[in-house]
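Structure file input_0.csv with CSV, C-alpha atoms:
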chain,number,residue,atom,x,y,z
S,1,MET,CA,-26.5,19.8,-55.6
S,2,ALA,CA,-27.8,17.5,-52.9
S,3,TYR,CA,-25.7,14.7,-51.7
S,4,LEU,CA,-25.6,11.8,-54.2
S,5,SER,CA,-24.5,8.3,-53.1
S,6,MET,CA,-22.4,6.0,-55.3
S,7,GLY,CA,-25.3,3.6,-55.4
S,8,GLU,CA,-27.8,6.2,-56.6
S,9,SER,CA,-25.2,7.5,-59.2
S,10,HIS,CA,-24.7,3.9,-60.4
S,11,ARG,CA,-28.5,3.5,-60.7
S,12,ARG,CA,-29.0,6.7,-62.7
S,13,ILE,CA,-26.2,5.8,-65.2
S,14,THR,CA,-27.5,2.3,-65.7
S,15,ASP,CA,-31.0,3.6,-66.2
S,16,TYR,CA,-29.8,5.9,-68.9
S,17,LEU,CA,-27.8,3.1,-70.6
S,18,ASN,CA,-30.9,0.8,-70.5
S,19,ARG,CA,-33.1,3.5,-72.0
S,20,PHE,CA,-30.5,4.2,-74.7
S,21,ALA,CA,-30.2,0.5,-75.7
S,22,ASP,CA,-34.0,0.0,-75.6
S,23,ALA,CA,-34.6,3.1,-77.8
S,24,ILE,CA,-32.3,1.6,-80.5
S,25,ASN,CA,-33.5,-2.0,-80.1
S,26,TYR,CA,-37.1,-0.9,-80.4
S,27,GLN,CA,-36.4,1.8,-83.0
S,28,ASP,CA,-38.0,4.5,-80.8
S,29,GLY,CA,-36.7,7.7,-82.4
S,30,ASP,CA,-38.5,10.1,-80.1
S,31,SER,CA,-37.1,8.5,-76.9
S,32,LEU,CA,-33.6,8.4,-78.5
S,33,ALA,CA,-33.8,12.1,-79.4
S,34,ARG,CA,-34.6,13.1,-75.8
S,35,LEU,CA,-31.5,11.2,-74.6
S,36,PHE,CA,-29.2,13.5,-76.7
S,37,SER,CA,-30.8,16.9,-75.8
S,38,VAL,CA,-27.9,18.4,-73.7
S,39,SER,CA,-28.8,22.0,-73.9
S,40,SER,CA,-32.5,21.4,-73.0
S,41,ASP,CA,-31.4,21.3,-69.3
S,42,SER,CA,-33.9,18.5,-68.8
S,43,PRO,CA,-34.0,17.3,-65.1
S,44,SER,CA,-33.2,13.7,-66.1
S,45,LEU,CA,-30.0,14.7,-68.0
S,46,LEU,CA,-28.9,17.1,-65.4
S,47,SER,CA,-29.3,14.4,-62.7
S,48,LEU,CA,-27.4,12.0,-65.0
S,49,ALA,CA,-24.6,14.6,-65.3
S,50,ASP,CA,-24.4,14.9,-61.5
S,51,ALA,CA,-24.2,11.1,-61.2
S,52,LEU,CA,-21.4,11.0,-63.8
S,53,ASN,CA,-19.4,13.5,-61.7
S,54,VAL,CA,-19.8,11.3,-58.6
S,55,PHE,CA,-19.4,7.9,-60.2
S,56,GLN,CA,-16.2,8.4,-62.2
S,57,ASP,CA,-16.0,4.9,-63.8
S,58,ALA,CA,-19.0,5.0,-66.2
S,59,ASN,CA,-16.8,3.7,-69.1
S,60,ARG,CA,-16.2,0.5,-67.2
S,61,LEU,CA,-20.0,0.0,-66.9
S,62,ILE,CA,-20.3,0.4,-70.7
S,63,LYS,CA,-17.4,-1.9,-71.6
S,64,GLN,CA,-18.4,-4.7,-69.2
S,65,SER,CA,-21.9,-5.1,-70.6
S,66,GLU,CA,-22.5,-6.6,-74.0
S,67,LYS,CA,-25.8,-4.8,-74.2
S,68,PHE,CA,-24.1,-1.4,-73.7
S,69,SER,CA,-20.6,-1.9,-75.2
S,70,GLN,CA,-21.9,-1.9,-78.8
S,71,PHE,CA,-22.9,1.7,-78.4
S,72,GLY,CA,-19.8,2.7,-76.4
S,73,GLU,CA,-18.3,4.9,-79.1
S,74,VAL,CA,-21.5,7.0,-79.0
S,75,VAL,CA,-22.3,7.0,-75.3
S,76,ALA,CA,-18.8,7.3,-73.7
S,77,PRO,CA,-18.0,10.7,-75.4
S,78,PHE,CA,-21.6,11.8,-74.8
S,79,PHE,CA,-21.2,11.2,-71.1
S,80,ARG,CA,-18.0,13.3,-71.2
S,81,SER,CA,-19.9,16.1,-73.0
S,82,LEU,CA,-22.7,16.0,-70.5
S,83,GLN,CA,-20.2,16.2,-67.6
S,84,CYS,CA,-18.4,19.1,-69.1
S,85,TYR,CA,-21.6,20.9,-69.9
S,86,ARG,CA,-22.8,20.6,-66.3
S,87,LEU,CA,-19.5,22.0,-65.0
S,88,GLY,CA,-19.7,24.9,-67.4
S,89,ASN,CA,-16.8,23.8,-69.6
S,90,LEU,CA,-18.5,24.4,-72.9
S,91,VAL,CA,-15.4,24.1,-75.2
S,92,ASP,CA,-14.7,20.5,-74.0
S,93,ALA,CA,-18.5,19.8,-74.0
S,94,TYR,CA,-18.6,20.7,-77.7
S,95,GLY,CA,-15.5,18.6,-78.5
S,96,ALA,CA,-16.9,15.5,-76.8
S,97,PHE,CA,-20.4,16.0,-78.3
S,98,GLU,CA,-18.9,16.2,-81.8
S,99,LYS,CA,-17.0,12.9,-81.2
S,100,ALA,CA,-20.2,11.3,-80.0
S,101,SER,CA,-22.1,12.7,-83.0
S,102,ASN,CA,-19.6,11.4,-85.5
S,103,ALA,CA,-19.9,7.9,-84.0
S,104,PHE,CA,-23.7,8.2,-84.1
S,105,ILE,CA,-23.6,9.1,-87.8
S,106,GLN,CA,-21.6,5.9,-88.5
S,107,GLU,CA,-24.4,3.9,-86.9
S,108,PHE,CA,-27.1,5.9,-88.6
S,109,ARG,CA,-25.6,5.0,-92.0
S,110,ASN,CA,-26.2,1.3,-91.3
S,111,TRP,CA,-29.9,1.7,-90.4
S,112,GLU,CA,-32.0,1.2,-93.5
S,113,SER,CA,-35.1,3.0,-92.4
S,114,GLY,CA,-35.4,6.6,-91.2
S,115,TRP,CA,-36.6,5.8,-87.7
S,116,ALA,CA,-33.7,7.7,-86.0
S,117,LEU,CA,-34.3,11.0,-87.9
S,118,GLU,CA,-35.7,12.7,-84.8
S,119,ALA,CA,-32.5,11.9,-82.9
S,120,LEU,CA,-30.4,13.2,-85.9
S,121,TYR,CA,-32.4,16.4,-85.8
S,122,VAL,CA,-31.6,16.9,-82.1
S,123,ILE,CA,-27.9,16.2,-82.7
S,124,ALA,CA,-27.8,18.7,-85.6
S,125,TYR,CA,-29.5,21.3,-83.4
S,126,GLU,CA,-27.3,20.6,-80.3
S,127,ILE,CA,-24.0,20.7,-82.2
S,128,ARG,CA,-24.9,24.2,-83.5
S,129,VAL,CA,-26.0,25.5,-80.1
S,130,LEU,CA,-23.0,24.0,-78.2
S,131,ALA,CA,-20.7,25.4,-80.9
S,132,GLU,CA,-22.1,28.9,-80.5
S,133,ARG,CA,-21.7,28.7,-76.7
S,134,ALA,CA,-18.2,27.2,-77.0
S,135,ASP,CA,-17.2,30.1,-79.3
S,136,ARG,CA,-18.5,32.6,-76.8
S,137,GLU,CA,-16.4,31.0,-74.1
S,138,LEU,CA,-13.3,31.0,-76.4
S,139,ALA,CA,-13.9,34.7,-77.2
S,140,SER,CA,-14.2,35.6,-73.6
S,141,ASN,CA,-10.9,34.0,-72.9
S,142,GLY,CA,-9.2,35.9,-75.7
S,143,LYS,CA,-9.0,32.9,-78.0
S,144,SER,CA,-10.1,32.5,-81.6
S,145,PRO,CA,-13.7,31.2,-81.9
S,146,GLU,CA,-13.6,28.2,-84.3
S,147,LYS,CA,-16.2,25.7,-83.1
S,148,LEU,CA,-19.2,27.0,-85.1
S,149,LYS,CA,-17.2,26.7,-88.3
S,150,GLY,CA,-16.4,23.1,-87.3
S,151,ALA,CA,-20.1,22.4,-86.6
S,152,GLY,CA,-20.8,23.6,-90.2
S,153,SER,CA,-18.3,21.1,-91.6
S,154,PHE,CA,-19.9,18.3,-89.5
S,155,LEU,CA,-23.4,19.2,-90.7
S,156,MET,CA,-22.2,19.2,-94.3
S,157,LYS,CA,-21.1,15.6,-93.7
S,158,VAL,CA,-24.5,14.8,-92.3
S,159,PHE,CA,-26.1,16.4,-95.4
S,160,GLY,CA,-24.0,14.2,-97.6
S,161,VAL,CA,-25.1,11.1,-95.6
S,162,LEU,CA,-28.7,11.9,-96.1
S,163,ALA,CA,-28.3,12.7,-99.8
S,164,GLY,CA,-26.3,9.5,-100.3
S,165,SER,CA,-29.0,7.4,-98.6
S,166,CYS,CA,-31.2,7.6,-101.7
S,167,ASP,CA,-31.6,4.6,-104.0
S,168,LEU,CA,-31.2,4.7,-107.8
S,169,GLN,CA,-34.8,6.1,-108.2
S,170,GLY,CA,-34.0,8.9,-105.9
S,171,LYS,CA,-36.1,7.4,-103.1
S,172,GLY,CA,-35.1,6.8,-99.5
S,173,PRO,CA,-36.7,7.4,-96.1
S,174,LYS,CA,-33.8,9.4,-94.8
S,175,ARG,CA,-33.7,12.1,-97.5
S,176,VAL,CA,-36.5,14.1,-95.9
S,177,GLY,CA,-34.1,15.0,-93.1
S,178,ALA,CA,-31.9,16.9,-95.5
S,179,LEU,CA,-33.9,20.1,-95.3
S,180,TYR,CA,-33.7,20.3,-91.5
S,181,VAL,CA,-29.9,20.0,-91.7
S,182,THR,CA,-29.8,22.6,-94.4
S,183,CYS,CA,-31.7,25.0,-92.2
S,184,GLN,CA,-29.2,24.4,-89.4
S,185,LEU,CA,-26.4,25.2,-91.9
S,186,PHE,CA,-28.1,28.4,-92.9
S,187,LYS,CA,-28.2,29.5,-89.2
S,188,ILE,CA,-24.5,28.8,-88.9
S,189,TYR,CA,-23.6,30.6,-92.2
S,190,PHE,CA,-25.7,33.7,-91.3
S,191,LYS,CA,-24.2,33.8,-87.8
S,192,LEU,CA,-20.6,33.5,-89.3
S,193,GLY,CA,-21.3,36.0,-92.0
S,194,THR,CA,-20.5,33.4,-94.7
S,195,VAL,CA,-23.9,33.4,-96.5
S,196,ASN,CA,-22.1,32.7,-99.8
S,197,LEU,CA,-21.7,29.1,-98.6
S,198,CYS,CA,-25.5,28.7,-98.7
S,199,ARG,CA,-25.4,28.5,-102.5
S,200,SER,CA,-24.1,25.0,-102.9
S,201,VAL,CA,-26.6,23.6,-100.4
S,202,ILE,CA,-29.5,25.5,-102.2
S,203,ARG,CA,-28.4,24.0,-105.5
S,204,SER,CA,-28.5,20.5,-104.1
S,205,ILE,CA,-32.0,21.0,-102.6
S,206,GLU,CA,-33.5,22.8,-105.6
S,207,THR,CA,-31.9,21.1,-108.6
S,208,ALA,CA,-30.9,17.6,-107.4
S,209,ARG,CA,-33.5,15.0,-108.6
S,210,ILE,CA,-33.1,13.1,-105.3
S,211,PHE,CA,-35.1,15.7,-103.5
S,212,ASP,CA,-38.8,16.6,-103.9
S,213,PHE,CA,-39.4,19.9,-102.0
S,214,GLU,CA,-43.1,19.0,-101.4
S,215,GLU,CA,-42.1,15.9,-99.4
S,216,PHE,CA,-40.2,17.8,-96.7
S,217,PRO,CA,-42.0,18.6,-93.4
S,218,ILE,CA,-43.8,21.9,-93.5
S,219,ARG,CA,-41.8,23.2,-90.5
S,220,ASP,CA,-38.5,22.8,-92.4
S,221,LYS,CA,-40.0,24.3,-95.6
S,222,VAL,CA,-41.0,27.4,-93.7
S,223,THR,CA,-37.5,27.8,-92.2
S,224,TYR,CA,-35.9,27.2,-95.6
S,225,MET,CA,-38.1,29.8,-97.3
S,226,TYR,CA,-37.3,32.3,-94.6
S,227,TYR,CA,-33.6,32.0,-95.0
S,228,THR,CA,-33.6,31.8,-98.8
S,229,GLY,CA,-35.9,34.8,-98.7
S,230,ARG,CA,-33.4,36.7,-96.6
S,231,LEU,CA,-30.7,35.8,-99.1
S,232,GLU,CA,-32.8,37.3,-101.9
S,233,VAL,CA,-33.2,40.5,-99.9
S,234,LEU,CA,-29.4,40.7,-99.7
S,235,ASN,CA,-29.2,40.2,-103.4
S,236,GLU,CA,-32.0,42.8,-103.9
S,237,ASN,CA,-34.0,40.3,-105.9
S,238,PHE,CA,-37.3,41.6,-104.4
S,239,PRO,CA,-39.8,39.5,-106.5
S,240,ALA,CA,-38.1,36.3,-105.4
S,241,ALA,CA,-37.8,37.6,-101.8
S,242,ASP,CA,-41.5,38.4,-101.8
S,243,GLN,CA,-42.4,34.9,-103.0
S,244,LYS,CA,-40.2,33.1,-100.5
S,245,LEU,CA,-41.0,35.2,-97.5
S,246,SER,CA,-44.7,35.2,-98.3
S,247,TYR,CA,-44.6,31.4,-98.5
S,248,ALA,CA,-42.9,31.3,-95.1
S,249,LEU,CA,-45.5,33.7,-93.6
S,250,THR,CA,-48.5,31.9,-95.1
S,251,HIS,CA,-47.4,28.5,-93.9
S,252,CYS,CA,-46.0,29.5,-90.5
S,253,CYS,CA,-48.0,28.3,-87.5
S,254,LEU,CA,-50.2,31.1,-86.2
S,255,SER,CA,-49.3,30.3,-82.6
S,256,LYS,CA,-45.6,31.0,-83.3
S,257,GLU,CA,-45.8,34.8,-83.0
S,258,ALA,CA,-42.0,35.2,-82.6
S,259,ASN,CA,-41.4,33.4,-85.9
S,260,ILE,CA,-44.1,35.4,-87.7
S,261,ARG,CA,-42.4,38.6,-86.4
S,262,MET,CA,-39.0,37.4,-87.7
S,263,ILE,CA,-40.5,36.8,-91.1
S,264,LEU,CA,-42.3,40.2,-91.2
S,265,LYS,CA,-39.0,42.0,-90.3
S,266,TYR,CA,-37.8,41.1,-93.8
S,267,LEU,CA,-41.1,40.8,-95.7
S,268,ILE,CA,-42.3,44.3,-94.8
S,269,PRO,CA,-39.2,46.1,-96.4
S,270,VAL,CA,-39.6,43.9,-99.4
S,271,LYS,CA,-43.3,44.8,-99.7
S,272,LEU,CA,-42.5,48.5,-99.3
S,273,SER,CA,-39.9,48.3,-102.1
S,274,ILE,CA,-42.6,47.0,-104.5
S,275,GLY,CA,-45.2,49.6,-103.4
S,276,ILE,CA,-47.3,47.6,-100.9
S,277,LEU,CA,-47.8,49.2,-97.5
S,278,PRO,CA,-48.7,47.2,-94.4
S,279,LYS,CA,-51.6,48.2,-92.2
S,280,LYS,CA,-50.8,49.9,-88.9
S,281,GLN,CA,-52.6,47.2,-87.0
S,282,LEU,CA,-50.2,44.5,-88.3
S,283,LEU,CA,-47.2,46.6,-87.2
S,284,GLU,CA,-48.6,47.0,-83.7
S,285,ASN,CA,-49.7,43.4,-83.4
S,286,TYR,CA,-46.2,42.1,-84.0
S,287,ASP,CA,-44.3,45.0,-82.3
S,288,LEU,CA,-42.8,46.3,-85.5
S,289,VAL,CA,-43.5,49.9,-84.7
S,290,GLU,CA,-40.1,50.9,-86.1
S,291,TYR,CA,-41.8,50.8,-89.5
S,292,ASN,CA,-44.6,53.2,-88.6
S,293,ASN,CA,-42.9,56.4,-89.6
S,294,ILE,CA,-41.4,54.8,-92.7
S,295,VAL,CA,-44.9,53.8,-93.9
S,296,GLU,CA,-46.3,57.3,-93.0
S,297,ALA,CA,-43.4,59.0,-94.9
S,298,LEU,CA,-44.3,57.0,-98.0
S,299,LYS,CA,-48.0,57.9,-97.7
S,300,ARG,CA,-47.3,61.6,-97.2
S,301,GLY,CA,-44.3,62.0,-99.4
S,302,ASP,CA,-42.3,63.3,-96.4
S,303,LEU,CA,-38.6,62.9,-97.0
S,304,ARG,CA,-37.7,64.4,-93.7
S,305,LEU,CA,-39.8,61.8,-91.8
S,306,LEU,CA,-38.2,59.0,-93.8
S,307,ARG,CA,-34.7,60.1,-93.0
S,308,SER,CA,-35.6,60.7,-89.4
S,309,ALA,CA,-37.0,57.2,-89.1
S,310,LEU,CA,-34.0,55.6,-90.7
S,311,GLN,CA,-31.6,57.5,-88.4
S,312,GLU,CA,-33.6,56.7,-85.3
S,313,ASN,CA,-33.6,52.9,-86.0
S,314,GLU,CA,-30.3,52.8,-87.9
S,315,ASP,CA,-28.6,50.2,-85.6
S,316,GLN,CA,-31.6,47.9,-85.7
S,317,PHE,CA,-32.0,48.1,-89.5
S,318,LEU,CA,-28.3,47.6,-90.1
S,319,ARG,CA,-28.3,44.5,-87.9
S,320,SER,CA,-31.2,43.1,-89.8
S,321,GLY,CA,-29.6,43.8,-93.1
S,322,VAL,CA,-32.5,45.9,-94.4
S,323,TYR,CA,-31.2,49.4,-94.0
S,324,LEU,CA,-30.1,49.8,-97.7
S,325,VAL,CA,-33.5,48.4,-98.9
S,326,LEU,CA,-35.3,51.0,-96.8
S,327,GLU,CA,-32.9,53.8,-97.8
S,328,LYS,CA,-33.8,53.2,-101.4
S,329,LEU,CA,-37.5,54.0,-100.6
S,330,GLU,CA,-36.5,57.7,-101.0
S,331,LEU,CA,-37.4,57.6,-104.7
S,332,GLN,CA,-41.0,56.4,-103.9
S,333,VAL,CA,-41.2,59.3,-101.3
S,334,TYR,CA,-40.1,61.8,-104.0
S,335,GLN,CA,-42.7,60.3,-106.3
S,336,ARG,CA,-45.4,60.8,-103.7
S,337,LEU,CA,-44.3,64.4,-103.0
S,338,LEU,CA,-44.5,65.3,-106.7
S,339,LYS,CA,-47.9,63.6,-107.0
S,340,LYS,CA,-49.2,65.7,-104.1
S,341,ILE,CA,-47.9,68.9,-105.8
S,342,TYR,CA,-49.6,67.7,-109.1
S,343,ILE,CA,-52.9,67.1,-107.2
S,344,ILE,CA,-52.9,70.5,-105.6
S,345,GLN,CA,-52.2,72.2,-108.9
S,346,LYS,CA,-54.9,70.2,-110.6
S,347,GLN,CA,-57.4,71.5,-108.0
S,348,LYS,CA,-56.3,75.1,-108.5
S,349,ASP,CA,-55.9,75.1,-112.3
S,350,PRO,CA,-56.7,71.9,-114.1
S,351,SER,CA,-55.5,73.2,-117.4
S,352,LYS,CA,-51.9,73.6,-116.1
S,353,ALA,CA,-51.8,70.7,-113.7
S,354,HIS,CA,-49.4,68.7,-115.9
S,355,GLN,CA,-46.8,71.5,-115.8
S,356,VAL,CA,-44.8,71.5,-112.6
S,357,LYS,CA,-42.1,74.1,-112.1
S,358,LEU,CA,-38.9,72.9,-110.5
S,359,GLU,CA,-38.9,75.9,-108.2
S,360,VAL,CA,-42.2,74.7,-106.7
S,361,ILE,CA,-40.6,71.4,-105.9
S,362,VAL,CA,-37.6,73.2,-104.3
S,363,LYS,CA,-40.1,75.2,-102.1
S,364,ALA,CA,-41.9,72.0,-101.1
S,365,LEU,CA,-38.6,70.4,-100.0
S,366,LYS,CA,-37.5,73.6,-98.2
S,367,TRP,CA,-40.8,73.4,-96.3
S,368,LEU,CA,-39.6,69.9,-95.2
S,369,GLU,CA,-36.3,71.5,-94.1
S,370,ILE,CA,-34.4,69.9,-97.0
S,371,GLU,CA,-32.2,72.2,-99.0
S,372,MET,CA,-31.8,71.5,-102.7
S,373,ASP,CA,-31.1,73.7,-105.7
S,374,LEU,CA,-32.7,73.5,-109.1
S,375,ASP,CA,-30.0,71.3,-110.6
S,376,GLU,CA,-30.3,68.7,-107.8
S,377,VAL,CA,-34.1,68.7,-108.1
S,378,GLU,CA,-33.8,68.3,-111.9
S,379,CYS,CA,-31.5,65.3,-111.3
S,380,ILE,CA,-34.0,63.7,-108.9
S,381,VAL,CA,-36.8,64.2,-111.4
S,382,ALA,CA,-34.7,62.7,-114.2
S,383,ILE,CA,-34.2,59.6,-112.1
S,384,LEU,CA,-37.9,59.3,-111.4
S,385,ILE,CA,-38.6,59.5,-115.1
S,386,TYR,CA,-35.9,57.0,-116.0
S,387,LYS,CA,-37.1,54.5,-113.4
S,388,ASN,CA,-40.7,54.9,-114.6
S,389,LEU,CA,-41.9,56.3,-111.4
S,390,MET,CA,-43.1,59.3,-113.3
S,391,LYS,CA,-44.1,59.9,-117.0
S,392,GLY,CA,-43.0,63.2,-118.6
S,393,TYR,CA,-40.2,65.3,-119.9
S,394,PHE,CA,-38.2,68.4,-119.2
S,395,ALA,CA,-38.8,71.9,-120.7
S,396,HIS,CA,-35.2,73.0,-119.9
S,397,LYS,CA,-35.6,76.7,-120.8
S,398,SER,CA,-38.6,77.3,-118.6
S,399,LYS,CA,-37.4,74.8,-115.9
S,400,VAL,CA,-40.6,72.9,-116.0
S,401,VAL,CA,-41.5,69.2,-115.8
S,402,VAL,CA,-44.2,68.4,-118.3
S,403,LEU,CA,-46.2,65.4,-117.0
S,404,SER,CA,-48.0,62.9,-119.1
S,405,LYS,CA,-51.8,63.5,-119.2
S,406,GLN,CA,-52.4,59.8,-118.9
S,407,ASP,CA,-51.2,58.1,-115.7
S,408,PRO,CA,-48.3,60.5,-114.9
S,409,PHE,CA,-47.4,58.5,-111.7
S,410,PRO,CA,-47.5,54.8,-112.5
S,411,LYS,CA,-48.1,52.4,-109.6
S,412,LEU,CA,-45.5,49.7,-108.9
S,413,ASN,CA,-48.2,47.1,-108.7
S,414,GLY,CA,-46.1,44.6,-106.8
S,415,LYS,CA,-43.0,45.1,-109.1
S,416,PRO,CA,-39.7,46.6,-107.9
S,417,VAL,CA,-38.5,50.0,-109.0
S,418,ALA,CA,-36.8,49.6,-112.4
S,419,SER,CA,-33.0,49.3,-112.0

Could you render the structure from this file as structure tokens?
Amino acid sequence: MAYLSMGESHRRITDYLNRFADAINYQDGDSLARLFSVSSDSPSLLSLADALNVFQDANRLIKQSEKFSQFGEVVAPFFRSLQCYRLGNLVDAYGAFEKASNAFIQEFRNWESGWALEALYVIAYEIRVLAERADRELASNGKSPEKLKGAGSFLMKVFGVLAGSCDLQGKGPKRVGALYVTCQLFKIYFKLGTVNLCRSVIRSIETARIFDFEEFPIRDKVTYMYYTGRLEVLNENFPAADQKLSYALTHCCLSKEANIRMILKYLIPVKLSIGILPKKQLLENYDLVEYNNIVEALKRGDLRLLRSALQENEDQFLRSGVYLVLEKLELQVYQRLLKKIYIIQKQKDPSKAHQVKLEVIVKALKWLEIEMDLDEVECIVAILIYKNLMKGYFAHKSKVVVLSKQDPFPKLNGKPVAS
């Protein structure tokens, strides 16, 4: 840091205070939002932090001016947070920022219009980001990370303020901010592994009469559908997951390639589970090549290739939470393998195509280097019939599967495998 005089430090602090007061007086939400963006590392805020660390009496400046003192409970702890952040003390930076945020929320309650929503969004974002960084600092020092949980409690309070701002008719300009705060809460709950806490917020958004989903900004609706879609994946509710994630993909800005990739990471396993295969070009365009061999295994009925692909990308799929979804694709691969056997037999002897000997299936699996005996194969076939992936019955004495002459291998047609 270059040398900074007391006079220059005083000027920078006064300039910030003037901009803060003007933003509130003129109800300039965008300008106010920029003044809270600690983690953005903006040059103006970093230079302010340097000034605060030189001029140690900023609180006196706030208290001595009637123009500034009315916002002192917000600005004073914010200055402290900015100082700590600049010095790399993230735990104290978070604590001071939370104090400033609580004071801001008290002011926000008193403003009738929603002009300050952009500033509220920045505060909601910053408190989550600072909490994550503070927890990493605590963990590195051998202490229990607890700040992100605290940030979740704070954001629930903010959600309550936004929900409570509606009038008796369920109208109010601030309520549209509720979905952004909800999405920040989702990010916290997924990070902490407490996704069960999402349910109460979802109920409030989807069932409360005070909220009209279509009124929310499209940006927030896309994020909301992405996270609720992931929840449906965890619950193995694939039709709902398909609907929500497809909504997120359709409405996501095309220039946000990273976001599209995040959506596809979950939508592709969902689509595979309901029998819809993505094109190779899509996987290559969004660097999702880990799915290439899984798609190829489904096309070829190659169980060995599927298991190899799952093993090769196991850590990645486990982290994403889609491993179990992909593992259950084995039944579709078995279906495809039996269908290939059926097609080959039909070409050789059409009159006996619908009769498949179990030992033929055993030989096909052995060719794929998968050892199974007749009883194991019979069990697999029974499951395929039970789950309507195959139509037919067993002739136990002759160890033959007798397939239906009409549509022996039903397509899923966008529906999940029967449970």

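The interatomic distance for the pair CA of Asn313 (chain S) and CA of Lys265 (chain S) works out to 12.9 Å.
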
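What separates CA of Ser81 (chain S) from CA of Tyr94 (chain S) is a distance of 6.7 Å.
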
Next item on the list: Please provide as a PyMOL selection string all residues within 8 Å of region 279-287 of chain S, with the sequence filter that same-chain residues fewer than 4 positions apart are discarded (counting only C-alpha atoms).
Entry: chain S and resi 257+260-261+291-292

Quick one: residues within 12 Å of Asn235 (chain S), all atoms listed in the file counted, chain neighbours fewer than 5 positions away excluded, as an mmCIF file with C-alpha atoms, in the frame of the given file?
data_model
loop_
_atom_site.group_PDB
_atom_site.id
_atom_site.type_symbol
_atom_site.label_atom_id
_atom_site.label_comp_id
_atom_site.auth_asym_id
_atom_site.auth_seq_id
_atom_site.Cartn_x
_atom_site.Cartn_y
_atom_site.Cartn_z
ATOM 1 C CA VAL S 195 -23.900 33.400 -96.500
ATOM 2 C CA ASN S 196 -22.100 32.700 -99.800
ATOM 3 C CA THR S 228 -33.600 31.800 -98.800
ATOM 4 C CA GLY S 229 -35.900 34.800 -98.700
ATOM 5 C CA ARG S 230 -33.400 36.700 -96.600
ATOM 6 C CA ALA S 240 -38.100 36.300 -105.400
ATOM 7 C CA ALA S 241 -37.800 37.600 -101.800
ATOM 8 C CA VAL S 270 -39.600 43.900 -99.400
ATOM 9 C CA GLY S 321 -29.600 43.800 -93.100
ATOM 10 C CA VAL S 322 -32.500 45.900 -94.400
ATOM 11 C CA LEU S 324 -30.100 49.800 -97.700
ATOM 12 C CA VAL S 325 -33.500 48.400 -98.900
#

Next item on the list: May I have the protein, DNA and RNA residues with any atom at most 12 Å from the point (-28.3, 14.8, -74.4), counting all atoms listed in the file, written as an MDAnalysis selection string?
Entry: chainID S and resid 16 20 31:49 74:75 77:83 85:86 93:94 96:97 100:101 119:120 122:127 130

Give one line per residue of region 112-140 of chain S that approaches region 174-184 of chain S to at most 8 Å, naming the two atoms of the closest pair and their distance in Å to one decimal, counting only C-alpha atoms; sort by chain then ascending residue number and deliver it as a tab-separated table.
residue	atom	partner	partner_atom	distance
S:Ser113	CA	S:Lys174	CA	7.0
S:Gly114	CA	S:Lys174	CA	4.8
S:Leu117	CA	S:Gly177	CA	6.6
S:Tyr121	CA	S:Tyr180	CA	7.0
S:Ala124	CA	S:Val181	CA	6.6
S:Tyr125	CA	S:Gln184	CA	6.8
S:Arg128	CA	S:Gln184	CA	7.3

Note to self: So that I can see what lies close to Val201 (chain S), please list as a VMD selection string the residues with an atom at most 9 Å from it, counting all atoms listed in the file and leaving out residues fewer than 2 positions away in the same chain.
What the structure shows: chain S and resid 156 159 182 185 197 to 199 203 to 206

Notebook entry, point to check: Within 8 Å of Asn18 (chain S), counting all atoms listed in the file, which residues qualify if same-chain residues fewer than 4 places away don't, as a ChimeraX atom specification?
Noted result: /S:14,22,68

Notebook entry, point to check: Near region 354-371 of chain S, within 10 Å and counting all atoms listed in the file, which residues show up once chain neighbours fewer than 6 positions away are dropped, as an NGL selection string?
Noted result: :S and (302-305 or 334 or 337-338 or 341-343 or 345-346 or 377-378 or 381 or 392-395 or 398-406 or 408)

How close does region 48-67 of chain S get to region 4-12 of chain S? List, as a Markdown table, each residue of region 48-67 of chain S within 10 Å, its nearest atom pair and the distance in Å to one decimal, counting all atoms listed in the file.
| residue | atom | partner | partner_atom | distance |
| --- | --- | --- | --- | --- |
| S:Leu48 | CA | S:Arg12 | CA | 6.0 |
| S:Ala49 | CA | S:Ser9 | CA | 9.4 |
| S:Asp50 | CA | S:Ser9 | CA | 7.8 |
| S:Ala51 | CA | S:Ser9 | CA | 4.2 |
| S:Leu52 | CA | S:Ser9 | CA | 6.9 |
| S:Asn53 | CA | S:Ser9 | CA | 8.7 |
| S:Val54 | CA | S:Ser9 | CA | 6.6 |
| S:Phe55 | CA | S:Ser9 | CA | 5.9 |
| S:Gln56 | CA | S:Ser9 | CA | 9.5 |
| S:Asp57 | CA | S:His10 | CA | 9.4 |
| S:Ala58 | CA | S:His10 | CA | 8.2 |
| S:Leu61 | CA | S:His10 | CA | 8.9 |

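With CA of Val289 (chain S) on one side and CA of Lys187 (chain S) on the other, the separation reads 25.9 Å.
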
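Using all atoms listed in the file, the nearest neighbour of Ala116 (chain S) within the list S:Leu87, S:Met372, S:Ala23, S:Ala103 is S:Ala23.
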
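Proximity ranking of S:Leu245, S:Met225, S:Val158, S:Val91 relative to Arg133 (chain S) places S:Val91 first, based on all atoms listed in the file.
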
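Minimum atom-to-atom distance to Arg219 (chain S), evaluated using all atoms listed in the file, belongs to S:Lys256 out of S:Lys256, S:Phe190, S:Lys149, S:Val233.
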
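Between Lys191 (chain S) and the candidates S:Asn89, S:Gln335, S:Gln347, S:Ser320, the tightest atom-to-atom separation, counting all atoms listed in the file, involves S:Ser320.
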